[in-house]
$ cat run.cif   # mmCIF, C-alpha atoms
data_run
loop_
_atom_site.label_atom_id
_atom_site.label_comp_id
_atom_site.auth_asym_id
_atom_site.auth_seq_id
_atom_site.Cartn_x
_atom_site.Cartn_y
_atom_site.Cartn_z
CA GLY A 19 95.23 84.80 93.13
CA GLU A 20 94.51 87.93 91.15
CA ASN A 21 96.84 90.92 91.37
CA VAL A 22 95.90 94.33 89.96
CA GLU A 23 98.52 97.00 89.36
CA GLN A 24 97.39 100.61 88.78
CA HIS A 25 99.36 103.57 87.44
CA PRO A 26 99.97 106.38 88.01
CA SER A 27 99.36 106.81 91.72
CA THR A 28 98.82 110.56 91.25
CA LEU A 29 97.85 112.53 88.17
CA SER A 30 97.40 116.26 87.68
CA VAL A 31 95.84 117.68 84.54
CA GLN A 32 94.62 121.07 83.40
CA GLU A 33 90.89 121.53 83.10
CA GLY A 34 89.78 120.51 79.64
CA ASP A 35 92.66 118.10 79.08
CA SER A 36 92.32 114.30 78.99
CA ALA A 37 93.33 111.91 81.75
CA VAL A 38 94.33 108.27 81.33
CA ILE A 39 94.70 105.72 84.13
CA LYS A 40 96.08 102.25 83.39
CA CYS A 41 95.69 98.92 85.13
CA THR A 42 97.11 95.47 84.56
CA TYR A 43 95.81 92.20 85.95
CA SER A 44 97.38 88.80 86.38
CA ASP A 45 94.53 86.27 86.27
CA SER A 46 93.54 85.45 82.69
CA ALA A 47 90.23 84.10 84.02
CA SER A 48 89.16 87.59 85.17
CA ASN A 49 86.28 88.73 83.01
CA TYR A 50 84.81 91.83 84.60
CA PHE A 51 86.57 95.15 85.13
CA PRO A 52 84.81 97.98 86.98
CA TRP A 53 86.11 101.45 87.76
CA TYR A 54 85.19 103.30 90.94
CA LYS A 55 85.42 106.99 91.77
CA GLN A 56 85.82 108.00 95.39
CA GLU A 57 85.55 111.65 96.34
CA LEU A 58 87.06 112.78 99.61
CA GLY A 59 85.09 111.42 102.56
CA LYS A 60 82.58 109.63 100.34
CA ARG A 61 81.84 106.11 99.20
CA PRO A 62 83.39 104.50 96.13
CA GLN A 63 80.92 104.78 93.25
CA LEU A 64 80.87 102.64 90.15
CA ILE A 65 81.37 104.91 87.13
CA ILE A 66 81.90 102.45 84.29
CA ASP A 67 82.63 98.77 83.79
CA ILE A 68 83.59 96.45 80.96
CA ARG A 69 83.32 92.73 80.40
CA SER A 70 85.91 90.58 78.70
CA ASN A 71 83.82 90.07 75.56
CA VAL A 72 84.02 93.81 74.78
CA GLY A 73 87.08 95.86 73.82
CA GLU A 74 85.80 99.34 74.52
CA LYS A 75 82.90 101.04 76.25
CA LYS A 76 82.03 104.70 76.39
CA ASP A 77 79.71 106.79 78.55
CA GLN A 78 79.78 110.50 77.71
CA ARG A 79 83.25 111.78 78.73
CA ILE A 80 84.38 108.47 80.19
CA ALA A 81 85.63 105.46 78.27
CA VAL A 82 87.28 102.19 79.20
CA THR A 83 89.39 100.00 76.94
CA LEU A 84 90.40 96.40 77.51
CA ASN A 85 93.23 94.42 75.96
CA LYS A 86 92.73 90.80 77.02
CA THR A 87 95.89 89.56 75.36
CA ALA A 88 98.06 92.02 77.24
CA LYS A 89 95.87 91.82 80.33
CA HIS A 90 95.49 95.54 80.73
CA PHE A 91 92.62 97.99 80.80
CA SER A 92 92.49 101.76 80.91
CA LEU A 93 90.17 104.56 81.95
CA HIS A 94 90.01 107.61 79.71
CA ILE A 95 88.39 110.86 80.84
CA THR A 96 88.09 113.60 78.22
CA GLU A 97 87.42 117.31 78.75
CA THR A 98 88.23 117.01 82.43
CA GLN A 99 86.43 119.24 84.92
CA PRO A 100 87.30 120.16 88.52
CA GLU A 101 84.54 117.84 89.75
CA ASP A 102 86.44 114.91 88.21
CA SER A 103 89.02 115.37 90.98
CA ALA A 104 88.89 112.22 93.10
CA VAL A 105 90.60 108.89 93.69
CA TYR A 106 89.89 106.33 90.99
CA PHE A 107 90.16 102.59 91.63
CA CYS A 108 90.24 99.90 88.99
CA ALA A 109 89.25 96.36 89.88
CA ALA A 110 89.14 92.90 88.35
CA HIS A 111 86.83 89.98 88.98
CA ARG A 112 86.34 86.42 87.81
CA SER A 113 82.96 84.75 87.86
CA GLY A 114 82.13 82.69 90.90
CA ASN A 115 82.49 83.20 94.60
CA THR A 116 85.62 85.35 94.49
CA PRO A 117 85.63 89.02 95.48
CA LEU A 118 86.71 92.01 93.44
CA VAL A 119 90.42 92.76 93.58
CA PHE A 120 91.17 96.48 93.63
CA GLY A 121 94.13 98.42 92.35
CA LYS A 122 95.83 100.82 94.74
CA GLY A 123 94.11 103.88 93.31
CA THR A 124 94.99 107.02 91.36
CA ARG A 125 94.51 110.44 92.86
CA LEU A 126 93.38 112.69 89.99
CA SER A 127 93.57 116.45 90.41
CA VAL A 128 92.01 118.67 87.76
CA ILE A 129 93.42 122.16 87.95
CA ALA A 130 91.12 124.98 86.93
CA ASP B 13 65.74 101.33 96.41
CA THR B 14 69.23 101.26 94.91
CA GLU B 15 71.22 102.07 98.00
CA VAL B 16 73.22 100.44 100.73
CA THR B 17 72.54 102.15 104.06
CA GLN B 18 75.08 102.10 106.86
CA THR B 19 74.65 103.26 110.44
CA PRO B 20 76.07 104.98 112.32
CA LYS B 21 77.97 107.39 110.06
CA HIS B 22 80.47 108.18 112.80
CA LEU B 23 81.47 106.21 115.87
CA VAL B 24 83.95 106.92 118.63
CA MET B 25 84.57 104.06 121.00
CA GLY B 26 86.95 103.16 123.77
CA MET B 27 89.11 100.09 123.69
CA THR B 28 86.89 98.31 126.21
CA ASN B 29 83.60 99.12 124.51
CA LYS B 30 81.34 96.83 122.50
CA LYS B 31 79.57 98.37 119.52
CA SER B 32 77.95 97.23 116.28
CA LEU B 33 77.93 98.59 112.76
CA LYS B 34 74.84 97.99 110.65
CA CYS B 35 74.31 97.67 106.93
CA GLU B 36 71.06 97.27 105.03
CA GLN B 37 70.12 96.84 101.37
CA HIS B 38 66.83 96.10 99.63
CA MET B 39 68.08 95.47 96.12
CA GLY B 40 67.77 91.69 96.41
CA HIS B 41 71.55 91.31 96.37
CA ARG B 42 72.65 87.99 97.84
CA ALA B 43 76.32 88.84 98.37
CA MET B 44 77.36 91.33 101.04
CA TYR B 45 80.80 92.52 102.05
CA TRP B 46 82.65 94.34 104.80
CA TYR B 47 85.66 96.42 103.84
CA LYS B 48 88.09 98.47 105.92
CA GLN B 49 89.62 101.56 104.32
CA LYS B 50 92.49 103.58 105.70
CA ALA B 51 93.25 107.06 104.39
CA LYS B 52 94.73 107.13 100.88
CA LYS B 53 94.45 103.35 100.53
CA PRO B 54 92.09 101.08 98.57
CA PRO B 55 89.30 99.25 100.38
CA GLU B 56 90.63 96.14 102.11
CA LEU B 57 88.32 93.12 102.13
CA MET B 58 87.39 91.74 105.55
CA PHE B 59 84.40 89.41 105.11
CA VAL B 60 82.11 88.11 102.37
CA TYR B 61 78.64 86.70 102.91
CA SER B 62 76.96 84.75 100.15
CA TYR B 63 73.31 83.75 100.62
CA GLU B 64 73.61 84.68 104.30
CA LYS B 65 76.56 82.34 104.85
CA LEU B 66 80.07 83.50 105.62
CA SER B 67 82.13 82.51 102.59
CA ILE B 68 85.34 84.51 103.05
CA ASN B 69 87.13 85.71 106.17
CA GLU B 70 90.35 87.46 105.22
CA SER B 71 92.13 86.44 108.45
CA VAL B 72 90.42 89.24 110.35
CA PRO B 73 91.13 89.39 114.12
CA SER B 74 88.36 87.94 116.29
CA ARG B 75 87.65 91.37 117.81
CA PHE B 76 85.65 91.87 114.60
CA SER B 77 82.63 89.57 114.41
CA PRO B 78 80.30 89.65 111.40
CA GLU B 79 76.69 88.57 111.38
CA CYS B 80 74.13 88.26 108.59
CA PRO B 81 70.66 87.90 110.20
CA ASN B 82 68.86 87.87 106.83
CA SER B 83 69.38 88.62 103.16
CA SER B 84 68.99 92.39 103.68
CA LEU B 85 71.05 92.96 106.81
CA LEU B 86 74.71 92.73 107.67
CA ASN B 87 76.22 93.59 111.04
CA LEU B 88 79.77 93.96 112.25
CA HIS B 89 80.20 93.54 116.00
CA LEU B 90 83.21 95.26 117.52
CA HIS B 91 84.85 94.42 120.83
CA ALA B 92 88.17 95.35 122.44
CA LEU B 93 89.38 97.26 119.40
CA GLN B 94 92.78 98.90 119.13
CA PRO B 95 93.54 102.48 118.00
CA GLU B 96 94.97 101.08 114.74
CA ASP B 97 91.48 99.79 113.94
CA SER B 98 90.36 103.38 113.38
CA ALA B 99 89.28 103.58 109.74
CA LEU B 100 86.33 103.93 107.40
CA TYR B 101 84.30 100.71 107.40
CA LEU B 102 82.44 100.15 104.18
CA CYS B 103 79.65 97.72 103.48
CA ALA B 104 78.91 96.66 99.93
CA SER B 105 76.52 94.35 98.15
CA SER B 106 76.25 92.72 94.74
CA GLN B 107 74.14 90.28 92.83
CA ASN B 108 75.42 86.77 93.23
CA ARG B 109 74.77 84.92 90.03
CA GLY B 110 77.14 83.27 87.58
CA GLN B 111 78.08 86.55 85.92
CA SER B 112 80.07 89.25 87.69
CA TYR B 113 78.41 92.45 88.76
CA GLY B 114 79.66 95.68 90.26
CA TYR B 115 79.45 96.35 93.96
CA THR B 116 77.22 99.01 95.49
CA PHE B 117 78.92 100.61 98.47
CA GLY B 118 77.36 102.22 101.48
CA SER B 119 78.56 105.61 102.71
CA GLY B 120 80.57 103.96 105.44
CA THR B 121 81.04 104.29 109.17
CA ARG B 122 84.02 106.39 110.21
CA LEU B 123 85.30 104.65 113.31
CA THR B 124 87.68 106.20 115.82
CA VAL B 125 89.06 104.04 118.62
CA VAL B 126 90.38 105.99 121.59
#

$ encode --input "run.cif" --output "structure tokens"
Amino acid sequence: GENVEQHPSTLSVQEGDSAVIKCTYSDSASNYFPWYKQELGKRPQLIIDIRSNVGEKKDQRIAVTLNKTAKHFSLHITETQPEDSAVYFCAAHRSGNTPLVFGKGTRLSVIA
Amino acid sequence: DTEVTQTPKHLVMGMTNKKSLKCEQHMGHRAMYWYKQKAKKPPELMFVYSYEKLSINESVPSRFSPECPNSSLLNLHLHALQPEDSALYLCASSQNRGQSYGYTFGSGTRLTVV
């Protein structure tokens, strides 16, 4: 089955700096890669996703890149703000009746 | 309506109690999920329902019993739980077509077993 590795497990950045979180996946049939943000005590929320027919997607300060050959994808947050502090989970999915497989999460702290 | 609603938000139960968690969505999603999340860990899949039929049971102990009465509702019946079952229980839903779609999560039920 699919296995998703996520690094780093914790990340601290100064406010205004960029943050990058990386994930690798094992199943070459996976074709959908969402990212979730979970603030303390709250639900995971989908912040951006990318499909395997696209190499990069951007939404304001957040971008995701995908390298299908290397089977890795990354989340990039620019101009970080204290409210970006949360746990971020990457996930991978293949079409059909299989569930999302999550990475172990990255705890991002943005220091003001 | 673009939300998944879970009730109750908090639940404290004894090891001999029977309780139920409820989840509701009106987005027309035909796949619904139960996850268990411990502190500082990713959500851990428990059950998947597809078109109101149980399609995946991740070897969950029988003290957890899921039920999907219709396409909008998902229940999780709890009986004789152990203290280690204390966790955040998340419900999620997604469209269930050929293409993959993101999950929408509910706010969760924080369960404490005493």

$ resolve_selection --input "run.cif" --expression "the PyMOL selection byres ((chain B) within 10 of (chain A))" --output "ChimeraX atom specification"
/B:43,45,51-57,59-62,67-68,100,102-104,108-120,122

$ resolve_selection --input "run.cif" --expression "the PyMOL selection byres ((chain B and resi 92) around 12)" --output "PyMOL selection string"
chain B and resi 25-31+73-77+89-91+93-97+125-126

$ atom_distance --input "run.cif" --atom1 "atom CA of Ala130 of chain A" --atom2 "atom CA of Glu33 of chain A"
5.2 Å

$ atom_distance --input "run.cif" --atom1 "atom CA of Asn69 of chain B" --atom2 "atom CA of Glu57 of chain A"
27.8 Å

$ resolve_selection --input "run.cif" --expression "the PyMOL selection byres ((chain A and resi 84-92) around 8)" --output "list in words"
Val38, Ile39, Lys40, Cys41, Thr42, Tyr43, Ser44, Ser46, Phe51, Ile68, Ser70, Val72, Gly73, Glu74, Val82, Thr83, Leu93 and His94 of chain A

$ write_last_selection --input "run.cif" --atoms "C-alpha atoms" --output "PDB file, in the coordinates of the input"
ATOM      1  CA  VAL A  38      94.330 108.270  81.330  1.00  0.00           C
ATOM      2  CA  ILE A  39      94.700 105.720  84.130  1.00  0.00           C
ATOM      3  CA  LYS A  40      96.080 102.250  83.390  1.00  0.00           C
ATOM      4  CA  CYS A  41      95.690  98.920  85.130  1.00  0.00           C
ATOM      5  CA  THR A  42      97.110  95.470  84.560  1.00  0.00           C
ATOM      6  CA  TYR A  43      95.810  92.200  85.950  1.00  0.00           C
ATOM      7  CA  SER A  44      97.380  88.800  86.380  1.00  0.00           C
ATOM      8  CA  SER A  46      93.540  85.450  82.690  1.00  0.00           C
ATOM      9  CA  PHE A  51      86.570  95.150  85.130  1.00  0.00           C
ATOM     10  CA  ILE A  68      83.590  96.450  80.960  1.00  0.00           C
ATOM     11  CA  SER A  70      85.910  90.580  78.700  1.00  0.00           C
ATOM     12  CA  VAL A  72      84.020  93.810  74.780  1.00  0.00           C
ATOM     13  CA  GLY A  73      87.080  95.860  73.820  1.00  0.00           C
ATOM     14  CA  GLU A  74      85.800  99.340  74.520  1.00  0.00           C
ATOM     15  CA  VAL A  82      87.280 102.190  79.200  1.00  0.00           C
ATOM     16  CA  THR A  83      89.390 100.000  76.940  1.00  0.00           C
ATOM     17  CA  LEU A  93      90.170 104.560  81.950  1.00  0.00           C
ATOM     18  CA  HIS A  94      90.010 107.610  79.710  1.00  0.00           C
TER      19      HIS A  94
END

$ atom_distance --input "run.cif" --atom1 "atom CA of Gln49 of chain B" --atom2 "atom CA of Asp77 of chain A"
28.1 Å

$ residues_around --input "run.cif" --residues "Leu33 of chain B" --least-positions-apart "4" --cutoff "10 Å" --atoms "all atoms listed in the file" --output "number ranges by chain"
B: 18-23, 78, 86-90, 101-103, 120-121, 123

$ build_atoms --input "run.cif" --residues "segment 87-98 of chain B" --atoms "all heavy atoms" --output "PDB file, keeping the file's coordinate frame"
ATOM      1  N   ASN B  87      75.692  92.893 109.876  1.00  0.00           N
ATOM      2  CA  ASN B  87      76.220  93.590 111.040  1.00  0.00           C
ATOM      3  C   ASN B  87      77.703  93.297 111.203  1.00  0.00           C
ATOM      4  O   ASN B  87      78.196  92.253 110.748  1.00  0.00           O
ATOM      5  CB  ASN B  87      75.493  93.127 112.312  1.00  0.00           C
ATOM      6  CG  ASN B  87      74.013  93.439 112.278  1.00  0.00           C
ATOM      7  OD1 ASN B  87      73.586  94.488 111.788  1.00  0.00           O
ATOM      8  ND2 ASN B  87      73.202  92.525 112.800  1.00  0.00           N
ATOM      9  N   LEU B  88      78.382  94.203 111.863  1.00  0.00           N
ATOM     10  CA  LEU B  88      79.770  93.960 112.250  1.00  0.00           C
ATOM     11  C   LEU B  88      79.894  94.339 113.714  1.00  0.00           C
ATOM     12  O   LEU B  88      79.759  95.514 114.075  1.00  0.00           O
ATOM     13  CB  LEU B  88      80.726  94.784 111.391  1.00  0.00           C
ATOM     14  CG  LEU B  88      82.218  94.517 111.619  1.00  0.00           C
ATOM     15  CD1 LEU B  88      82.570  93.067 111.246  1.00  0.00           C
ATOM     16  CD2 LEU B  88      83.086  95.485 110.803  1.00  0.00           C
ATOM     17  N   HIS B  89      80.103  93.336 114.560  1.00  0.00           N
ATOM     18  CA  HIS B  89      80.200  93.540 116.000  1.00  0.00           C
ATOM     19  C   HIS B  89      81.660  93.787 116.361  1.00  0.00           C
ATOM     20  O   HIS B  89      82.556  93.064 115.903  1.00  0.00           O
ATOM     21  CB  HIS B  89      79.648  92.330 116.751  1.00  0.00           C
ATOM     22  CG  HIS B  89      78.228  92.016 116.384  1.00  0.00           C
ATOM     23  ND1 HIS B  89      77.175  92.891 116.635  1.00  0.00           N
ATOM     24  CD2 HIS B  89      77.686  90.925 115.777  1.00  0.00           C
ATOM     25  CE1 HIS B  89      76.057  92.354 116.208  1.00  0.00           C
ATOM     26  NE2 HIS B  89      76.326  91.169 115.678  1.00  0.00           N
ATOM     27  N   LEU B  90      81.858  94.816 117.181  1.00  0.00           N
ATOM     28  CA  LEU B  90      83.210  95.260 117.520  1.00  0.00           C
ATOM     29  C   LEU B  90      83.423  95.129 119.021  1.00  0.00           C
ATOM     30  O   LEU B  90      82.564  95.521 119.822  1.00  0.00           O
ATOM     31  CB  LEU B  90      83.381  96.730 117.113  1.00  0.00           C
ATOM     32  CG  LEU B  90      82.891  97.121 115.721  1.00  0.00           C
ATOM     33  CD1 LEU B  90      82.972  98.634 115.538  1.00  0.00           C
ATOM     34  CD2 LEU B  90      83.683  96.396 114.651  1.00  0.00           C
ATOM     35  N   HIS B  91      84.556  94.598 119.397  1.00  0.00           N
ATOM     36  CA  HIS B  91      84.850  94.420 120.830  1.00  0.00           C
ATOM     37  C   HIS B  91      86.341  94.472 121.060  1.00  0.00           C
ATOM     38  O   HIS B  91      87.095  93.806 120.359  1.00  0.00           O
ATOM     39  CB  HIS B  91      84.273  93.087 121.312  1.00  0.00           C
ATOM     40  CG  HIS B  91      84.661  92.761 122.728  1.00  0.00           C
ATOM     41  ND1 HIS B  91      84.418  93.605 123.789  1.00  0.00           N
ATOM     42  CD2 HIS B  91      85.298  91.681 123.254  1.00  0.00           C
ATOM     43  CE1 HIS B  91      84.866  93.060 124.904  1.00  0.00           C
ATOM     44  NE2 HIS B  91      85.407  91.898 124.607  1.00  0.00           N
ATOM     45  N   ALA B  92      86.753  95.266 122.062  1.00  0.00           N
ATOM     46  CA  ALA B  92      88.170  95.350 122.440  1.00  0.00           C
ATOM     47  C   ALA B  92      89.038  95.768 121.267  1.00  0.00           C
ATOM     48  O   ALA B  92      90.076  95.144 120.993  1.00  0.00           O
ATOM     49  CB  ALA B  92      88.641  94.019 123.045  1.00  0.00           C
ATOM     50  N   LEU B  93      88.609  96.800 120.564  1.00  0.00           N
ATOM     51  CA  LEU B  93      89.380  97.260 119.400  1.00  0.00           C
ATOM     52  C   LEU B  93      90.626  98.031 119.852  1.00  0.00           C
ATOM     53  O   LEU B  93      90.735  98.479 120.999  1.00  0.00           O
ATOM     54  CB  LEU B  93      88.518  98.143 118.502  1.00  0.00           C
ATOM     55  CG  LEU B  93      87.341  97.465 117.807  1.00  0.00           C
ATOM     56  CD1 LEU B  93      86.799  98.364 116.716  1.00  0.00           C
ATOM     57  CD2 LEU B  93      87.713  96.108 117.235  1.00  0.00           C
ATOM     58  N   GLN B  94      91.533  98.177 118.899  1.00  0.00           N
ATOM     59  CA  GLN B  94      92.780  98.900 119.130  1.00  0.00           C
ATOM     60  C   GLN B  94      92.742 100.215 118.350  1.00  0.00           C
ATOM     61  O   GLN B  94      92.010 100.334 117.361  1.00  0.00           O
ATOM     62  CB  GLN B  94      93.961  98.058 118.634  1.00  0.00           C
ATOM     63  CG  GLN B  94      94.045  96.683 119.283  1.00  0.00           C
ATOM     64  CD  GLN B  94      94.285  96.800 120.780  1.00  0.00           C
ATOM     65  OE1 GLN B  94      95.171  97.530 121.209  1.00  0.00           O
ATOM     66  NE2 GLN B  94      93.483  96.096 121.565  1.00  0.00           N
ATOM     67  N   PRO B  95      93.528 101.205 118.747  1.00  0.00           N
ATOM     68  CA  PRO B  95      93.540 102.480 118.000  1.00  0.00           C
ATOM     69  C   PRO B  95      93.841 102.296 116.513  1.00  0.00           C
ATOM     70  O   PRO B  95      93.300 103.032 115.679  1.00  0.00           O
ATOM     71  CB  PRO B  95      94.638 103.282 118.703  1.00  0.00           C
ATOM     72  CG  PRO B  95      94.620 102.780 120.117  1.00  0.00           C
ATOM     73  CD  PRO B  95      94.322 101.297 119.998  1.00  0.00           C
ATOM     74  N   GLU B  96      94.640 101.302 116.168  1.00  0.00           N
ATOM     75  CA  GLU B  96      94.970 101.080 114.740  1.00  0.00           C
ATOM     76  C   GLU B  96      93.778 100.556 113.944  1.00  0.00           C
ATOM     77  O   GLU B  96      93.846 100.474 112.706  1.00  0.00           O
ATOM     78  CB  GLU B  96      96.164 100.133 114.595  1.00  0.00           C
ATOM     79  CG  GLU B  96      95.971  98.778 115.215  1.00  0.00           C
ATOM     80  CD  GLU B  96      96.563  98.695 116.612  1.00  0.00           C
ATOM     81  OE1 GLU B  96      96.616  99.724 117.319  1.00  0.00           O
ATOM     82  OE2 GLU B  96      96.978  97.574 116.998  1.00  0.00           O
ATOM     83  N   ASP B  97      92.699 100.209 114.633  1.00  0.00           N
ATOM     84  CA  ASP B  97      91.480  99.790 113.940  1.00  0.00           C
ATOM     85  C   ASP B  97      90.657 100.988 113.466  1.00  0.00           C
ATOM     86  O   ASP B  97      89.644 100.816 112.766  1.00  0.00           O
ATOM     87  CB  ASP B  97      90.615  98.910 114.845  1.00  0.00           C
ATOM     88  CG  ASP B  97      91.306  97.609 115.214  1.00  0.00           C
ATOM     89  OD1 ASP B  97      91.990  97.026 114.335  1.00  0.00           O
ATOM     90  OD2 ASP B  97      91.182  97.171 116.374  1.00  0.00           O
ATOM     91  N   SER B  98      91.055 102.178 113.845  1.00  0.00           N
ATOM     92  CA  SER B  98      90.360 103.380 113.380  1.00  0.00           C
ATOM     93  C   SER B  98      90.466 103.454 111.866  1.00  0.00           C
ATOM     94  O   SER B  98      91.562 103.358 111.294  1.00  0.00           O
ATOM     95  CB  SER B  98      90.988 104.630 114.000  1.00  0.00           C
ATOM     96  OG  SER B  98      90.872 104.595 115.414  1.00  0.00           O
TER      97      SER B  98
END
